Structure formats: C-alpha cells, structure tokens
Amino acid sequence: MVGSDYLPVVPVEKFLEFLRIGRDASPHTLRSYAASLNAWWDYLEAVGLAWDEVTLPSFLPFLTVLRTGDPFGVHRLPGSGATRAGGAAESTVGLRVAAVLSFYRYHADVHGVAVAGRLYRVGGRRARSRYVGALAHLDRGSDHVSPAVRVRARDRGPAPVLTPAQAEAILDGCARFDAVSGQWSGSVRDRLLFATLSETGMRLGECLSLKHCDWHVGRGGTPFVEVVPRQDHPAGVRVKNSRFRRIHISDDLERLHSEYVWELCDADAHRAVDLENWWVFVNLRRGEWLAPLRPETVYDLVDGLKRRLGKAVPSAWTPHWWRHTHATALLLSGAHEHVVMRRMGHADVQTTLTLYGWVTEDADLKTLANWKSFTTNWRGLEGSSA
C-alpha cells in the first residue's frame, strides 16, 4: 500500500507482512485488510492526523466518513470504496473498523505504540455472547481487553437462496443433454462448476481448488469429493481455515464429471498436463489454455448468465448463493445441524445456527399456525381451575 507520496506505508506493510507470514492469511483476507487500511490512511491524510497520534475522539469521525462519505466538507476520500452516495453498508463499516483496530493492536503488542491503549479498554465485563468456549472459565480473573468502538451488525435476514426452478435454469443455461443425439450442447465445464457448488455447498475458492485426484468415483461405492487445503493455486484461492473434509456426491454429479474428463481427453488436454493431478476447472476458450480458472472469470460467467436468462434468475445472485441454497435444502429435509456443520466446513455448530437457524425455526413456527387447536385445551383448563 502506498500513501499520497507514492511511497510504501511502512506501518501498514509491516502489519500485512505479519498477516501474510505469521498468520498465513489468505490473499482474499490480505486484500480486505489492505482496502480497510487504505480507507483509514485516506482519512488520516484528509484531516491531517499522524497515524500514531490518534485518540478515541479523533477516531470516531472515521465511522461517519465510512457511513456518509465526507462530512467535513474537505474532499471525498479517494479509493476508499466507502465514499459513494449513501456511504458503505454497516457490515462493511464493521469490517473496516475491525481491520484498523487489529492494525493498532498489532503495533501495540509488537512495537509498543501507545495508540492502541486509547482505542481499547482493559477490564470490565465481557460482552455477552450466545456462544461460550469450553475453556472460558479459565480466564475469569484475567483482564479483558475489548475495543472501545463497536459497530453493531444489523440483522441481514435469511440468507438468499435459489429456488429449484432457478437452479435448473442456471444449469441448463450452461449446458443441456440431448437425449436424441446423446450429446451435450453448451459448456459442460460451466454446468459441472455450478452443479458442484449446488450439490456440495462448497465455497467458490474450495471448488476452484479441486484437482481431478480429489474426485473419488467409479469404485462401486458412494462417490465423494475431498476438499484438500492447498496454497499453490495461481489465483491464490484457498480452502477456508485449511480444513480437510470429505463430501459424498450423487451418481449424476459423478457422470457429469466423467463427461467433462472425456471432453478434456478429446481436446488432448492429457497430453499437455498431468490430468490426474491438474486443476478441475481450467480455461478452455479464453486466456491461457488449461490455466486454472480464476474467481473473476466465474463472476464474468455469472454476469453472462444473468443477461441471457433475464427474469428467470434473481438479478443479485452470486456463486455463494449455491452454498446458502445447499444448507437450506439440507435443513429443510431434516438433516441434523451438526451434520450440516461438518458438510459445510463450519468451525462450530454455532456458525451453522447463526446463518441458517431461521430455516428450522421457521418450520417450527409454521406448526403453530393452527392457533385455534392449541387454545382449545386451554379453555378446558380454565374451566377446571375455576
């Protein structure tokens, strides 16, 4: 990251290097932190404040800048991504603030910068949480350090999902099978990509990280895919939290993958690379041939499908909607939350409940729709007590 003098901002570079090496942070995480600190540095330069002289009163206007643009009438902060009309969403404000506070906490712990002491408070009661760690009782007597600034995340409501008709429209928009000719028309690769996201609930980065050796098919048992943590993808995509897991799949998805492999063999891809140990989703038409697919390319595919399908699909859908749809379908089918947690790769079941608890809760609440039948027994009890 560079400042207004076009020179690297050393304090930020040290922090990002710590995340890169000390925390092994993913490229996506580094970009997020860099964008947040870029917005913060723009604010410091706009108000003429040194980064190590910040106080709590001088920090608070930064929230206003993120939410509304430029309340000072100086100029809009360039490149912050938060100065459009209306400002940033509250969730983005929370991410920006958390990144800046983490930056100062690092410099306090490693370099003794006193600013963090003004932005954090020590002692006092811990914030109440729905989830308490199993070893939380061990540090009851220790001083608790918490941010002096807290941004409350607004309830975003139920996670967006695709209906079965919308999902089918997207898959058919990629490729269709002609039963008469026995041939596929369209891009089998694109259909396999979205079908894999739909049936496994993987994150996009996990899906793009797959290699053909991760598909265990044609062995007589239930086929499955292994999500293997890797760090050598050219686009920097990774398996979140570096957690290995196994996901069983249907015979339909197995056959679709086999069809795709045959197409690669027909295109002599196996002569160019070691297909067994190569990435599943690769460039076939644009860009370097057989180079691993990048997330940006997938989003270009999504934009093209939106234009072709029009009102048949939601205008805001993204690849991550498949993950929400998968988890929702599992819970509606009666799958236990702990099973869904393991299949989705969540760190704990609380994450699953927080994101998708509304699914089972809504189903339970629907059982109370016939209110009259429930109150019949109450009338009987009222009469007996009298």
# chains A, B, ... in the order shown; residues from 1 in each chain; ligands from 1

call {"tool": "residues_around", "arguments": {"residues": "Pro223 of chain A", "least_positions_apart": "3", "cutoff": "9 Å", "atoms": "only C-alpha atoms", "output": "list in words"}}
result
Trp215, His216, Val217, Gly218, Arg219, Gly220, Ile247, His248, Ile249, Ser250, Asp251 and Glu254 of chain A

call {"tool": "write_last_selection", "arguments": {"atoms": "C-alpha atoms", "output": "PDB file, in the first residue's frame"}}
result
ATOM      1  CA  TRP A 215     -12.759 -36.908  -7.168  1.00  0.00           C
ATOM      2  CA  HIS A 216     -13.130 -40.485  -5.966  1.00  0.00           C
ATOM      3  CA  VAL A 217     -15.530 -42.085  -8.405  1.00  0.00           C
ATOM      4  CA  GLY A 218     -16.089 -45.335 -10.279  1.00  0.00           C
ATOM      5  CA  ARG A 219     -15.184 -47.607  -7.382  1.00  0.00           C
ATOM      6  CA  GLY A 220     -18.537 -49.223  -6.779  1.00  0.00           C
ATOM      7  CA  ILE A 247     -18.265 -34.668   0.741  1.00  0.00           C
ATOM      8  CA  HIS A 248     -20.307 -37.512  -0.735  1.00  0.00           C
ATOM      9  CA  ILE A 249     -21.959 -36.760  -4.057  1.00  0.00           C
ATOM     10  CA  SER A 250     -24.623 -38.232  -6.309  1.00  0.00           C
ATOM     11  CA  ASP A 251     -24.173 -40.512  -9.301  1.00  0.00           C
ATOM     12  CA  GLU A 254     -20.137 -38.285 -10.926  1.00  0.00           C
TER      13      GLU A 254
END

call {"tool": "residues_around", "arguments": {"residues": "Ser185 of chain A", "least_positions_apart": "5", "cutoff": "7 Å", "atoms": "only C-alpha atoms", "output": "PDB file with N, CA and C atoms, in the first residue's frame"}}
result
ATOM      1  N   ALA A 175     -25.309 -25.835 -20.031  1.00  0.00           N
ATOM      2  CA  ALA A 175     -25.247 -26.962 -20.972  1.00  0.00           C
ATOM      3  C   ALA A 175     -26.486 -27.822 -20.807  1.00  0.00           C
ATOM      4  N   ARG A 176     -26.919 -28.419 -21.914  1.00  0.00           N
ATOM      5  CA  ARG A 176     -28.065 -29.328 -21.920  1.00  0.00           C
ATOM      6  C   ARG A 176     -27.668 -30.626 -22.601  1.00  0.00           C
ATOM      7  N   PHE A 177     -28.324 -31.716 -22.160  1.00  0.00           N
ATOM      8  CA  PHE A 177     -28.085 -33.017 -22.780  1.00  0.00           C
ATOM      9  C   PHE A 177     -29.222 -33.342 -23.734  1.00  0.00           C
TER      10      PHE A 177
END

call {"tool": "atom_distance", "arguments": {"atom1": "atom CA of Pro158 of chain A", "atom2": "atom CA of Gly201 of chain A"}}
result
16.7 Å

call {"tool": "select_by_dssp", "arguments": {"residues": "segment 139-242 of chain A", "states": "strand (DSSP E or B)", "output": "PDB file with C-alpha atoms, in the first residue's frame"}}
result
ATOM      1  CA  VAL A 145      -9.192  -6.259  26.557  1.00  0.00           C
ATOM      2  CA  SER A 146     -12.001  -5.085  24.301  1.00  0.00           C
ATOM      3  CA  PRO A 147     -12.330  -2.430  21.595  1.00  0.00           C
ATOM      4  CA  ALA A 175     -25.247 -26.962 -20.972  1.00  0.00           C
ATOM      5  CA  ARG A 176     -28.065 -29.328 -21.920  1.00  0.00           C
ATOM      6  CA  PHE A 177     -28.085 -33.017 -22.780  1.00  0.00           C
ATOM      7  CA  ASP A 178     -29.878 -34.013 -25.993  1.00  0.00           C
ATOM      8  CA  GLN A 183     -24.612 -35.286 -26.956  1.00  0.00           C
ATOM      9  CA  TRP A 184     -24.186 -32.276 -24.695  1.00  0.00           C
ATOM     10  CA  SER A 185     -24.657 -28.772 -26.084  1.00  0.00           C
ATOM     11  CA  GLY A 186     -23.070 -25.812 -24.324  1.00  0.00           C
ATOM     12  CA  LYS A 211      -7.933 -31.350  -8.664  1.00  0.00           C
ATOM     13  CA  TRP A 215     -12.759 -36.908  -7.168  1.00  0.00           C
ATOM     14  CA  HIS A 216     -13.130 -40.485  -5.966  1.00  0.00           C
ATOM     15  CA  PHE A 224     -17.163 -38.496  -2.920  1.00  0.00           C
ATOM     16  CA  VAL A 225     -15.021 -35.407  -3.316  1.00  0.00           C
ATOM     17  CA  GLU A 226     -12.219 -34.439  -0.950  1.00  0.00           C
ATOM     18  CA  VAL A 227     -11.692 -30.792  -0.054  1.00  0.00           C
TER      19      VAL A 227
END

call {"tool": "residues_around", "arguments": {"residues": "Ala98 of chain A", "least_positions_apart": "4", "cutoff": "9 Å", "atoms": "only C-alpha atoms", "output": "number ranges by chain"}}
result
A: 36, 93-94, 102-103, 147, 150-151

call {"tool": "closest_atom_pairs", "arguments": {"of": "segment 175-256 of chain A", "to": "segment 21-30 of chain A", "cutoff": "12 Å", "atoms": "only C-alpha atoms", "output": "tab-separated table"}}
result
residue	atom	partner	partner_atom	distance
A:Gly205	CA	A:His28	CA	10.0
A:Pro229	CA	A:Ser26	CA	11.6
A:Arg230	CA	A:Ser26	CA	10.9
A:Gln231	CA	A:Ser26	CA	8.8
A:Asp232	CA	A:Ser26	CA	11.6
A:His233	CA	A:Pro27	CA	11.0
A:Pro234	CA	A:Pro27	CA	11.0
A:Ala235	CA	A:Pro27	CA	8.9
A:Gly236	CA	A:Pro27	CA	6.0
A:Val237	CA	A:Pro27	CA	7.4
A:Arg238	CA	A:Ser26	CA	6.9
A:Val239	CA	A:Ser26	CA	9.1
A:Lys240	CA	A:Ser26	CA	8.4
A:Asn241	CA	A:Ser26	CA	9.3
A:Ser242	CA	A:Ser26	CA	10.0

call {"tool": "write_last_selection", "arguments": {"atoms": "C-alpha atoms", "output": "CSV table (one decimal), in the first residue's frame"}}
result
chain,number,residue,atom,x,y,z
A,205,GLY,CA,-12.5,-20.9,-3.6
A,229,PRO,CA,-6.2,-27.4,1.6
A,230,ARG,CA,-3.7,-26.1,-0.9
A,231,GLN,CA,-1.7,-22.9,-1.3
A,232,ASP,CA,-0.3,-23.3,-4.9
A,233,HIS,CA,-3.3,-22.1,-6.9
A,234,PRO,CA,-2.1,-19.3,-9.2
A,235,ALA,CA,-5.1,-17.2,-8.4
A,236,GLY,CA,-4.5,-17.5,-4.6
A,237,VAL,CA,-7.8,-19.3,-3.9
A,238,ARG,CA,-7.7,-21.5,-0.8
A,239,VAL,CA,-9.8,-23.8,1.4
A,240,LYS,CA,-11.1,-21.6,4.3
A,241,ASN,CA,-9.5,-22.4,7.7
A,242,SER,CA,-7.4,-25.0,5.9

call {"tool": "residues_around", "arguments": {"residues": "Glu263 of chain A", "least_positions_apart": "6", "cutoff": "12 Å", "atoms": "only C-alpha atoms", "output": "compact mmCIF listing (two decimals) with N, CA and C atoms, in the first residue's frame"}}
result
# COMPACT_ATOMS: atom_id res chain seq x y z
N GLN A 183 -25.71 -36.24 -27.08
CA GLN A 183 -24.61 -35.29 -26.96
C GLN A 183 -25.01 -34.12 -26.07
N TRP A 184 -23.99 -33.49 -25.47
CA TRP A 184 -24.19 -32.28 -24.70
C TRP A 184 -24.02 -31.07 -25.60
N SER A 187 -21.52 -25.57 -22.50
CA SER A 187 -20.28 -25.77 -21.75
C SER A 187 -20.51 -26.75 -20.60
N VAL A 188 -20.01 -27.96 -20.75
CA VAL A 188 -20.11 -28.95 -19.68
C VAL A 188 -19.29 -28.49 -18.47
N ARG A 189 -18.18 -27.82 -18.73
CA ARG A 189 -17.36 -27.32 -17.62
C ARG A 189 -18.16 -26.37 -16.74
N LEU A 256 -21.44 -36.42 -14.66
CA LEU A 256 -21.14 -35.14 -15.28
C LEU A 256 -19.64 -34.87 -15.26
N HIS A 257 -18.99 -35.20 -14.16
CA HIS A 257 -17.54 -35.05 -14.08
C HIS A 257 -16.84 -35.95 -15.09
N ALA A 269 -6.03 -32.58 -23.71
CA ALA A 269 -5.52 -31.91 -22.51
C ALA A 269 -4.58 -32.83 -21.73
N HIS A 270 -4.83 -34.15 -21.80
CA HIS A 270 -3.99 -35.08 -21.04
C HIS A 270 -2.57 -35.16 -21.59
N LEU A 284 -10.71 -23.02 -21.16
CA LEU A 284 -10.84 -23.83 -22.38
C LEU A 284 -11.03 -22.98 -23.62

call {"tool": "atom_distance", "arguments": {"atom1": "atom CA of Arg245 of chain A", "atom2": "atom CA of Gly345 of chain A"}}
result
7.1 Å

call {"tool": "residues_around", "arguments": {"residues": "Arg285 of chain A", "least_positions_apart": "6", "cutoff": "12 Å", "atoms": "only C-alpha atoms", "output": "VMD selection string"}}
result
chain A and resid 187 189 to 190 267 291 293 297

call {"tool": "write_last_selection", "arguments": {"atoms": "C-alpha atoms", "output": "compact mmCIF listing (two decimals), in the first residue's frame"}}
result
# COMPACT_ATOMS: atom_id res chain seq x y z
CA SER A 187 -20.28 -25.77 -21.75
CA ARG A 189 -17.36 -27.32 -17.62
CA ASP A 190 -19.65 -24.47 -16.58
CA ALA A 267 -9.10 -31.94 -26.61
CA ALA A 291 -4.71 -22.40 -16.86
CA LEU A 293 -9.93 -20.76 -13.59
CA THR A 297 -13.77 -15.46 -14.68
